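So the structure is just underneath, and the comments pick up after that.
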Amino acid sequence: MVLTTALVSPAQAQTAAEAAIGEKSFVAQAVRKVGPAVVRIDTEKTVTRRAPDPFYDEPFLRDFFGGLPRQPQEELLRGQGSGFIIDQTGNILTNAHVVNGADRVVVTLKDGRSFDAIVEGVDDVTDLAVVKIDDSDDTLPTAALGNSDLVDVGDWAIAVGNPLGLDNTVTLGIVSTLKRSSSSVGIPGKRLEFIQTDAAINPGNSGGPLVNQNGEVIGINTAIRADAMGIGFAIPINKAKEIKDRLALGESIAHPYIGVQIATFTPDMARRNNEDINAGMYLPEVDGVLIIRVLEGTPAAEAGLRRGDVIVAIDDAPVRNADDLQLRVEDTKIGDTLQLDIRRGDRAQVVQVKTAELQDQS
């Protein structure tokens, strides 16, 4: 029996390889495009705490030696998340909560190379950050950014990242809904409308890309709900496009605010309040946004807004819920004047409020 080996030309080999790729699923092809640009982000942060001391739990000893100071104790906290390279200069998009406050950030590429990274900019309100690595010797792989405005419910959604410390993990699902408000998923301090997906997103996935079937990034995965079984959330990539260049320059992102705590309000809620003989105030039976609290020293306080006021319109456009009001304020510029139509008890009033810049609360 004679064994022979067929010689294959380079052109034939390339054709065979292209044919093999063509037979792969769209998921494999999408991951092939974006996968090399997805990175693992490890962080370290040192915190100082007062160590518990059983000595001070004994009342007699605590009273007798109460003047002795407790010794502070340092603790090293480690965290992990994901990110993806967006340009050849080494800029990487990730979540703010992945890197904010870190003393050291280490980025590891899929090919195993590791770099100490610099946090260039962080915006807590949108939970976005840009970190940078310096790779002067090689060409960095980059992820193609898509257009999240073109995403529809039912589109394929591919999450790539390092969930639970498991590097280079891919999960597949669909887009479940769009414009899911931050307050509805339990983080009212943010100003975001999320892409919701049933692709698994777990701790460690945070900051990694959510990709469409063409391998384009449509969102930044955010593991924000420990109890979110079977659903995940992603920040639309177009929101990141708006501010990524400014974050890369170290600029802070200005967010307008007026200084009220609010809740969606309905006539039925007003009726239940007004029928309660122990209710502290009469509330108008209208649709709108109820002011629960006015913060001191804010534009709302200066304008004379009060707890119990119901905002029914901004600049003559009706306001139906708290998320609507928050996004309308976010769409203004610092120093813009808003005309608020309010109901205070049984009276209608118009209040002028000038927006100010929301200060960092961290």
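Labeling convention for the structure tokens: chains A, B, ... as they appear, residues from 1 per chain, ligands from 1 in order of appearance.
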Which residues are near range 114-120 of chain A? Cut-off 10 Å, only C-alpha atoms, ignore same chain within fewer than 2 positions. Put them as number ranges by chain. A: 39-43, 90-92, 96, 99-112, 122, 129-135, 246-251
Could the residues in this selection be saved with N, CA, C and O atoms as a short mmCIF file (atom, residue, chain, number, x, y, z; two decimals), in the first residue's frame?
data_model
loop_
_atom_site.label_atom_id
_atom_site.label_comp_id
_atom_site.auth_asym_id
_atom_site.auth_seq_id
_atom_site.Cartn_x
_atom_site.Cartn_y
_atom_site.Cartn_z
N VAL A 39 -10.63 42.79 26.62
CA VAL A 39 -9.56 42.65 27.61
C VAL A 39 -10.13 42.35 28.99
O VAL A 39 -11.30 42.62 29.27
N ARG A 40 -9.27 41.79 29.83
CA ARG A 40 -9.60 41.63 31.25
C ARG A 40 -8.97 42.79 32.01
O ARG A 40 -7.84 43.17 31.74
N ILE A 41 -9.71 43.33 32.96
CA ILE A 41 -9.22 44.45 33.77
C ILE A 41 -9.20 44.02 35.23
O ILE A 41 -10.24 43.69 35.81
N ASP A 42 -8.00 44.00 35.81
CA ASP A 42 -7.83 43.69 37.23
C ASP A 42 -7.46 44.96 37.98
O ASP A 42 -6.63 45.75 37.53
N THR A 43 -8.09 45.18 39.12
CA THR A 43 -7.86 46.39 39.89
C THR A 43 -7.46 46.07 41.32
O THR A 43 -7.81 45.01 41.87
N GLY A 90 -4.51 52.86 22.20
CA GLY A 90 -4.61 52.07 23.43
C GLY A 90 -5.72 52.48 24.36
O GLY A 90 -5.76 52.05 25.52
N ASN A 91 -6.68 53.28 23.88
CA ASN A 91 -7.83 53.64 24.71
C ASN A 91 -8.80 52.47 24.81
O ASN A 91 -9.09 51.80 23.82
N ILE A 92 -9.30 52.27 26.02
CA ILE A 92 -10.17 51.13 26.31
C ILE A 92 -11.43 51.65 27.00
O ILE A 92 -11.36 52.42 27.96
N ALA A 96 -17.45 52.64 34.68
CA ALA A 96 -16.83 53.46 35.72
C ALA A 96 -16.66 52.65 37.01
O ALA A 96 -15.63 52.76 37.69
N VAL A 99 -13.32 50.58 37.51
CA VAL A 99 -11.99 51.17 37.75
C VAL A 99 -11.99 52.36 38.70
O VAL A 99 -10.92 52.79 39.14
N ASN A 100 -13.14 52.89 39.04
CA ASN A 100 -13.18 54.11 39.84
C ASN A 100 -12.56 53.89 41.21
O ASN A 100 -12.91 52.95 41.93
N GLY A 101 -11.62 54.77 41.58
CA GLY A 101 -10.98 54.68 42.88
C GLY A 101 -9.85 53.69 42.98
O GLY A 101 -9.25 53.53 44.05
N ALA A 102 -9.52 53.00 41.89
CA ALA A 102 -8.47 51.98 41.93
C ALA A 102 -7.09 52.62 42.03
O ALA A 102 -6.81 53.64 41.40
N ASP A 103 -6.22 52.02 42.84
CA ASP A 103 -4.83 52.47 42.94
C ASP A 103 -3.99 51.88 41.81
O ASP A 103 -2.99 52.49 41.41
N ARG A 104 -4.37 50.71 41.33
CA ARG A 104 -3.64 50.08 40.24
C ARG A 104 -4.62 49.37 39.33
O ARG A 104 -5.58 48.73 39.79
N VAL A 105 -4.40 49.54 38.01
CA VAL A 105 -5.24 48.88 37.01
C VAL A 105 -4.33 48.13 36.05
O VAL A 105 -3.40 48.70 35.49
N VAL A 106 -4.59 46.82 35.89
CA VAL A 106 -3.81 45.98 34.99
C VAL A 106 -4.73 45.43 33.91
O VAL A 106 -5.79 44.87 34.21
N VAL A 107 -4.34 45.63 32.66
CA VAL A 107 -5.12 45.16 31.51
C VAL A 107 -4.41 43.97 30.88
O VAL A 107 -3.21 44.04 30.59
N THR A 108 -5.15 42.89 30.67
CA THR A 108 -4.60 41.69 30.04
C THR A 108 -5.34 41.42 28.74
O THR A 108 -6.57 41.33 28.72
N LEU A 109 -4.57 41.32 27.64
CA LEU A 109 -5.15 41.05 26.34
C LEU A 109 -5.41 39.56 26.16
O LEU A 109 -4.90 38.72 26.92
N LYS A 110 -6.17 39.24 25.14
CA LYS A 110 -6.49 37.85 24.87
C LYS A 110 -5.25 37.03 24.55
O LYS A 110 -5.17 35.84 24.86
N ASP A 111 -4.22 37.69 23.96
CA ASP A 111 -3.00 36.96 23.62
C ASP A 111 -2.07 36.78 24.82
O ASP A 111 -0.96 36.25 24.68
N GLY A 112 -2.50 37.22 26.01
CA GLY A 112 -1.73 37.00 27.23
C GLY A 112 -0.88 38.17 27.68
O GLY A 112 -0.37 38.17 28.82
N VAL A 122 -13.44 59.21 34.12
CA VAL A 122 -14.55 58.44 34.68
C VAL A 122 -15.77 59.33 34.79
O VAL A 122 -15.66 60.50 35.19
N ALA A 129 -16.12 54.76 31.59
CA ALA A 129 -14.74 55.16 31.85
C ALA A 129 -13.87 54.79 30.67
O ALA A 129 -14.19 53.87 29.90
N VAL A 130 -12.77 55.52 30.53
CA VAL A 130 -11.76 55.22 29.53
C VAL A 130 -10.43 55.03 30.25
O VAL A 130 -10.01 55.88 31.04
N VAL A 131 -9.78 53.88 30.00
CA VAL A 131 -8.43 53.63 30.51
C VAL A 131 -7.51 53.46 29.30
O VAL A 131 -7.96 53.15 28.20
N LYS A 132 -6.21 53.65 29.54
CA LYS A 132 -5.27 53.63 28.42
C LYS A 132 -4.08 52.75 28.73
O LYS A 132 -3.55 52.76 29.85
N ILE A 133 -3.65 51.99 27.73
CA ILE A 133 -2.42 51.21 27.81
C ILE A 133 -1.44 51.72 26.76
O ILE A 133 -1.85 52.30 25.75
N ASP A 134 -0.16 51.51 27.01
CA ASP A 134 0.88 51.97 26.08
C ASP A 134 1.53 50.76 25.44
O ASP A 134 2.25 50.02 26.10
N ASP A 135 1.25 50.54 24.17
CA ASP A 135 1.84 49.42 23.42
C ASP A 135 2.51 50.00 22.18
O ASP A 135 1.92 50.07 21.12
N ARG A 246 -13.91 62.93 25.27
CA ARG A 246 -13.69 63.86 26.38
C ARG A 246 -13.15 63.13 27.60
O ARG A 246 -12.28 63.65 28.32
N LEU A 247 -13.63 61.93 27.84
CA LEU A 247 -13.08 61.13 28.95
C LEU A 247 -11.61 60.82 28.70
O LEU A 247 -10.79 60.85 29.62
N ALA A 248 -11.26 60.51 27.43
CA ALA A 248 -9.87 60.19 27.09
C ALA A 248 -8.95 61.38 27.32
O ALA A 248 -7.75 61.21 27.55
N LEU A 249 -9.51 62.59 27.27
CA LEU A 249 -8.73 63.79 27.52
C LEU A 249 -8.71 64.17 29.00
O LEU A 249 -8.11 65.19 29.38
N GLY A 250 -9.38 63.37 29.82
CA GLY A 250 -9.41 63.65 31.25
C GLY A 250 -10.43 64.69 31.65
O GLY A 250 -10.41 65.19 32.78
N GLU A 251 -11.34 65.04 30.75
CA GLU A 251 -12.34 66.05 31.06
C GLU A 251 -13.48 65.46 31.90
O GLU A 251 -13.83 64.29 31.76
#
Could you tell me, as an MDAnalysis selection string, which residues of range 85-333 of chain A DSSP assigns to strand (DSSP E or B) when given the backbone? chainID A and resid 85 91:94 104:108 114:123 128:132 145 156:161 169:181 193:197 209:211 217:222 232:236 256:257 260:265 288:294 310:314 317:318
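The shell of residues at most 6 Å from range 254-263 of chain A, with only C-alpha atoms counted and near chain neighbours (fewer than 6 positions) removed, consists of Val289, Leu290, Ile291, Ile292, Arg293, Val294, Leu295, Thr298, Pro299, Ala300, Ala322, Glu330, Ile334, Thr355, Ala356, Glu357 and Leu358 of chain A.
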Can you write just those residues out, C-alpha atoms, as a short mmCIF file (atom, residue, chain, number, x, y, z; two decimals), in the first residue's frame?
data_model
loop_
_atom_site.label_atom_id
_atom_site.label_comp_id
_atom_site.auth_asym_id
_atom_site.auth_seq_id
_atom_site.Cartn_x
_atom_site.Cartn_y
_atom_site.Cartn_z
CA VAL A 289 -44.28 63.86 38.73
CA LEU A 290 -44.53 64.29 42.50
CA ILE A 291 -41.76 66.15 44.32
CA ILE A 292 -40.93 64.07 47.39
CA ARG A 293 -38.08 66.26 48.60
CA VAL A 294 -36.39 69.51 47.61
CA LEU A 295 -32.66 69.54 48.35
CA THR A 298 -30.26 73.74 44.79
CA PRO A 299 -31.96 75.44 41.82
CA ALA A 300 -35.29 73.87 42.85
CA ALA A 322 -40.16 60.54 36.71
CA GLU A 330 -30.38 65.79 31.18
CA ILE A 334 -25.99 73.98 32.34
CA THR A 355 -30.32 74.19 35.80
CA ALA A 356 -26.97 73.85 37.57
CA GLU A 357 -24.15 71.33 37.33
CA LEU A 358 -24.54 68.11 39.29
#
Contacts of Ile86 in chain A at 12 Å or less, counting only C-alpha atoms, minus same-chain residues fewer than 3 places along, as a PyMOL selection string? chain A and resi 34+36-39+83+89-94+130-133+140-146+208-209+216-217+237+240-241+244-245+248
Show which residues sit within 12 Å of Gly280 in chain A, as a list in words. Count only C-alpha atoms, and ignore same-chain residues fewer than 4 positions away. Asn273, Asn274, Glu275, Asp276, Arg307, Gly308 and Gly345 of chain A
Requested write-out: all heavy atoms of the selected residues, as an mmCIF file, in the first residue's frame:
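File part-v5.cif, as written:
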data_model
loop_
_atom_site.group_PDB
_atom_site.id
_atom_site.type_symbol
_atom_site.label_atom_id
_atom_site.label_comp_id
_atom_site.auth_asym_id
_atom_site.auth_seq_id
_atom_site.Cartn_x
_atom_site.Cartn_y
_atom_site.Cartn_z
ATOM 1 N N ASN A 273 -54.489 59.299 48.811
ATOM 2 C CA ASN A 273 -53.927 60.208 49.811
ATOM 3 C C ASN A 273 -54.997 61.132 50.377
ATOM 4 O O ASN A 273 -55.094 61.324 51.600
ATOM 5 C CB ASN A 273 -52.808 61.044 49.174
ATOM 6 C CG ASN A 273 -52.298 62.141 50.089
ATOM 7 O OD1 ASN A 273 -51.462 61.923 50.951
ATOM 8 N ND2 ASN A 273 -52.811 63.361 49.908
ATOM 9 N N ASN A 274 -55.815 61.695 49.500
ATOM 10 C CA ASN A 274 -56.789 62.694 49.937
ATOM 11 C C ASN A 274 -57.923 62.091 50.753
ATOM 12 O O ASN A 274 -58.580 62.793 51.535
ATOM 13 C CB ASN A 274 -57.345 63.445 48.724
ATOM 14 C CG ASN A 274 -56.262 64.210 47.982
ATOM 15 O OD1 ASN A 274 -55.233 64.554 48.552
ATOM 16 N ND2 ASN A 274 -56.489 64.460 46.696
ATOM 17 N N GLU A 275 -58.173 60.777 50.581
ATOM 18 C CA GLU A 275 -59.206 60.108 51.368
ATOM 19 C C GLU A 275 -58.707 59.687 52.738
ATOM 20 O O GLU A 275 -59.509 59.289 53.592
ATOM 21 C CB GLU A 275 -59.715 58.883 50.599
ATOM 22 C CG GLU A 275 -60.515 59.242 49.344
ATOM 23 C CD GLU A 275 -60.787 58.033 48.461
ATOM 24 O OE1 GLU A 275 -60.317 56.919 48.827
ATOM 25 O OE2 GLU A 275 -61.446 58.194 47.414
ATOM 26 N N ASP A 276 -57.396 59.775 52.956
ATOM 27 C CA ASP A 276 -56.793 59.402 54.238
ATOM 28 C C ASP A 276 -56.895 60.586 55.200
ATOM 29 O O ASP A 276 -56.315 61.654 54.947
ATOM 30 C CB ASP A 276 -55.337 59.010 54.030
ATOM 31 C CG ASP A 276 -54.668 58.504 55.298
ATOM 32 O OD1 ASP A 276 -55.277 58.601 56.388
ATOM 33 O OD2 ASP A 276 -53.513 58.022 55.201
ATOM 34 N N ARG A 307 -42.049 70.300 48.585
ATOM 35 C CA ARG A 307 -42.508 68.907 48.690
ATOM 36 C C ARG A 307 -44.020 68.885 48.515
ATOM 37 O O ARG A 307 -44.740 69.685 49.099
ATOM 38 C CB ARG A 307 -42.122 68.325 50.042
ATOM 39 C CG ARG A 307 -42.522 66.868 50.225
ATOM 40 C CD ARG A 307 -41.945 66.326 51.524
ATOM 41 N NE ARG A 307 -42.567 66.941 52.675
ATOM 42 C CZ ARG A 307 -43.651 66.475 53.302
ATOM 43 N NH1 ARG A 307 -44.254 65.372 52.838
ATOM 44 N NH2 ARG A 307 -44.141 67.080 54.353
ATOM 45 N N GLY A 308 -44.506 67.959 47.688
ATOM 46 C CA GLY A 308 -45.935 67.864 47.422
ATOM 47 C C GLY A 308 -46.362 68.527 46.135
ATOM 48 O O GLY A 308 -47.481 68.293 45.658
ATOM 49 N N GLY A 345 -51.503 71.795 45.599
ATOM 50 C CA GLY A 345 -52.849 71.706 46.144
ATOM 51 C C GLY A 345 -53.858 71.842 45.020
ATOM 52 O O GLY A 345 -53.837 71.098 44.038
#
DSSP alpha helix (DSSP H) selection over range 138-244 of chain A, as a PyMOL selection string: chain A and resi 237-244
Grab the residues selected above and save them as an mmCIF file, in the first residue's frame with N, CA and C atoms.
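Contents of selection-v2.cif, freshly written:
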data_model
loop_
_atom_site.group_PDB
_atom_site.id
_atom_site.type_symbol
_atom_site.label_atom_id
_atom_site.label_comp_id
_atom_site.auth_asym_id
_atom_site.auth_seq_id
_atom_site.Cartn_x
_atom_site.Cartn_y
_atom_site.Cartn_z
ATOM 1 N N ILE A 237 -24.070 51.939 22.975
ATOM 2 C CA ILE A 237 -22.751 52.414 22.556
ATOM 3 C C ILE A 237 -22.803 53.876 22.107
ATOM 4 N N ASN A 238 -23.950 54.340 21.612
ATOM 5 C CA ASN A 238 -24.026 55.733 21.190
ATOM 6 C C ASN A 238 -23.872 56.695 22.362
ATOM 7 N N LYS A 239 -24.285 56.283 23.559
ATOM 8 C CA LYS A 239 -24.054 57.107 24.744
ATOM 9 C C LYS A 239 -22.557 57.221 25.023
ATOM 10 N N ALA A 240 -21.834 56.116 24.856
ATOM 11 C CA ALA A 240 -20.385 56.151 25.049
ATOM 12 C C ALA A 240 -19.705 56.993 23.979
ATOM 13 N N LYS A 241 -20.207 56.919 22.746
ATOM 14 C CA LYS A 241 -19.615 57.714 21.671
ATOM 15 C C LYS A 241 -19.685 59.212 21.976
ATOM 16 N N GLU A 242 -20.747 59.628 22.658
ATOM 17 C CA GLU A 242 -20.935 61.049 22.958
ATOM 18 C C GLU A 242 -19.834 61.605 23.852
ATOM 19 N N ILE A 243 -19.287 60.769 24.752
ATOM 20 C CA ILE A 243 -18.381 61.314 25.766
ATOM 21 C C ILE A 243 -17.012 60.650 25.811
ATOM 22 N N LYS A 244 -16.774 59.592 25.026
ATOM 23 C CA LYS A 244 -15.526 58.846 25.157
ATOM 24 C C LYS A 244 -14.298 59.703 24.865
#
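Each of A:Ala157, A:Leu166, A:Val185, A:Val350 was checked against Ala199 in chain A using only C-alpha atoms; the smallest atom-to-atom distance is that of A:Ala157.
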Residue contacts of Val175 in chain A (6 Å, only C-alpha atoms) excluding same-chain residues fewer than 4 positions away, as a list in words: Val153, Gly154, Asp155, Ala157, Gln196 and Thr197 of chain A
Would you list the contacts of Gly35 in chain A as a VMD selection string, taking every protein, DNA or RNA residue within 8 Å and counting only C-alpha atoms, but skipping same-chain residues closer than 4 positions in sequence? chain A and resid 31 110 160 168
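Proximity ranking of A:Leu192, A:Ala270, A:Leu283, A:Val353 relative to Leu305 in chain A places A:Val353 first, based on only C-alpha atoms.
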Measuring between only C-alpha atoms, which one of A:Ile195, A:Ile220, A:Leu210, A:Ile174 shows the shortest distance to Leu128 in chain A? A:Ile220
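Candidate residues A:Gln88, A:Ile187, A:Tyr282, A:Gly207 were compared for distance to Asp138 in chain A, and the nearest is A:Gln88, using only C-alpha atoms.
Closest approach to Pro318 in chain A from the set A:Gly288, A:Ile277, A:Asp346, A:Arg306 is made by A:Gly288, with distances taken over only C-alpha atoms.
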